[in-house]
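Encoded as structure tokens, the structure appears first; notes follow it.
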Amino acid sequence: MSLIINQGKQDTSEDNKFEIMISENEVAQITKIEMAEKLPNTLSVTFKVISEGKNKGRLFWDRVTFDPKSPFSWKYRSLRKAAGVPYVESESAKLDIEALLLNKAVNVKLGLRKGTDGNDYQSVTYKTPSAKPTVAVAEEVTEEETVESVETPDLAEDDLSVIDTDDTSVEW
């Protein structure tokens with residue numbers, strides 16, 4: 001017995017589309033949020049790289065638990081902080097996570113992690129700047145005067161708070 005298929009002409013131009021990305025600094029947009037299959041209180045989050053470079057347009061995924069009793073719930077809080085909507089203890093226990101995070105951009109470090117099964121997996125580290133952006137200072141500005149700008153120092157990679165989502169340790 002044989003099984004004949006019509007495979008058509010295959011497009012091999014994107015065969016590396018899902019290879020693991022290694023990058024110290026990427027900007028990625030959250031494009032989809034759904035409940036993870038078979039993992040209670042866990043989100044499956046899809047990201048698309050939007051920063052310029054070889055990874056622009058590529059997708060990656062992360063699973064993030066929001067169970068407050070989980071030892072890994074710090075990852076959920078880290079994602080929210082990186083997206084500019086940090087968790088606040090006084091907020092409601094129930095919220096629309098899509099309304100809060102969908103289409104937000106986050107800075108990430110992408111790397112490789114070895115799974116317990118021996119396979120390679122994409123690791124994601126959410127990065128949060130520790131300094132405040134440039135702020136304009138004005139004192140009774142007239143039409144002829146200009147606003148003075150106060151510059152914050154340039155941020156180096158070492159100035160960023162980093163949480164490695166594949167480890168329970170925290171780097172500062």
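Starting from 1 in every chain, residues are counted up; chains themselves are A, B, ... following the order of the structure tokens, and ligands are numbered from 1 as listed.
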Problem set entry | Asp96 (chain A) surroundings by only C-alpha atoms, 12 Å radius, close-in-sequence under 6 positions cut, as an NGL selection string | :A and (33-34 or 102)
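Residues in contact with Tyr87 (chain A) at 8 Å, where only C-alpha atoms are counted and same-chain residues fewer than 5 positions away are skipped, are listed as Arg77, Arg80 and Lys81 of chain A.
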For this session: Can you check which residues of region 15-128 of chain A DSSP gives as strand (DSSP E or B) on the backbone and send them as a count of residues only?
Result: 47
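Counting only C-alpha atoms, the residue from A:Lys32, A:Lys75, A:Lys94, A:Lys38 that sits nearest to Phe60 (chain A) is A:Lys32.
Our summary of the geometry notes that CA of Arg63 (chain A) is positioned 15.7 Å from CA of Asp120 (chain A).
The spacing separating CA of Ile97 (chain A) from CA of Lys69 (chain A) amounts to 18.5 Å.
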Residues of region 78-137 of chain A that approach region 51-56 of chain A to 12 Å or less, counting only C-alpha atoms: could you list each one with the shortest pair of atoms and its distance in Å to one decimal, rows by chain and increasing residue number, as CSV?
residue,atom,partner,partner_atom,distance
A:Ala105,CA,A:Ser51,CA,10.0
A:Val106,CA,A:Ser51,CA,10.4
A:Asn107,CA,A:Ser51,CA,9.5
A:Val108,CA,A:Ser51,CA,10.7
A:Leu110,CA,A:Asn55,CA,10.6
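Here the question is which of A:Tyr121, A:Phe66, A:Trp74, A:Trp61 gets nearest to Val49 (chain A) using only C-alpha atoms, and that residue is A:Trp61.
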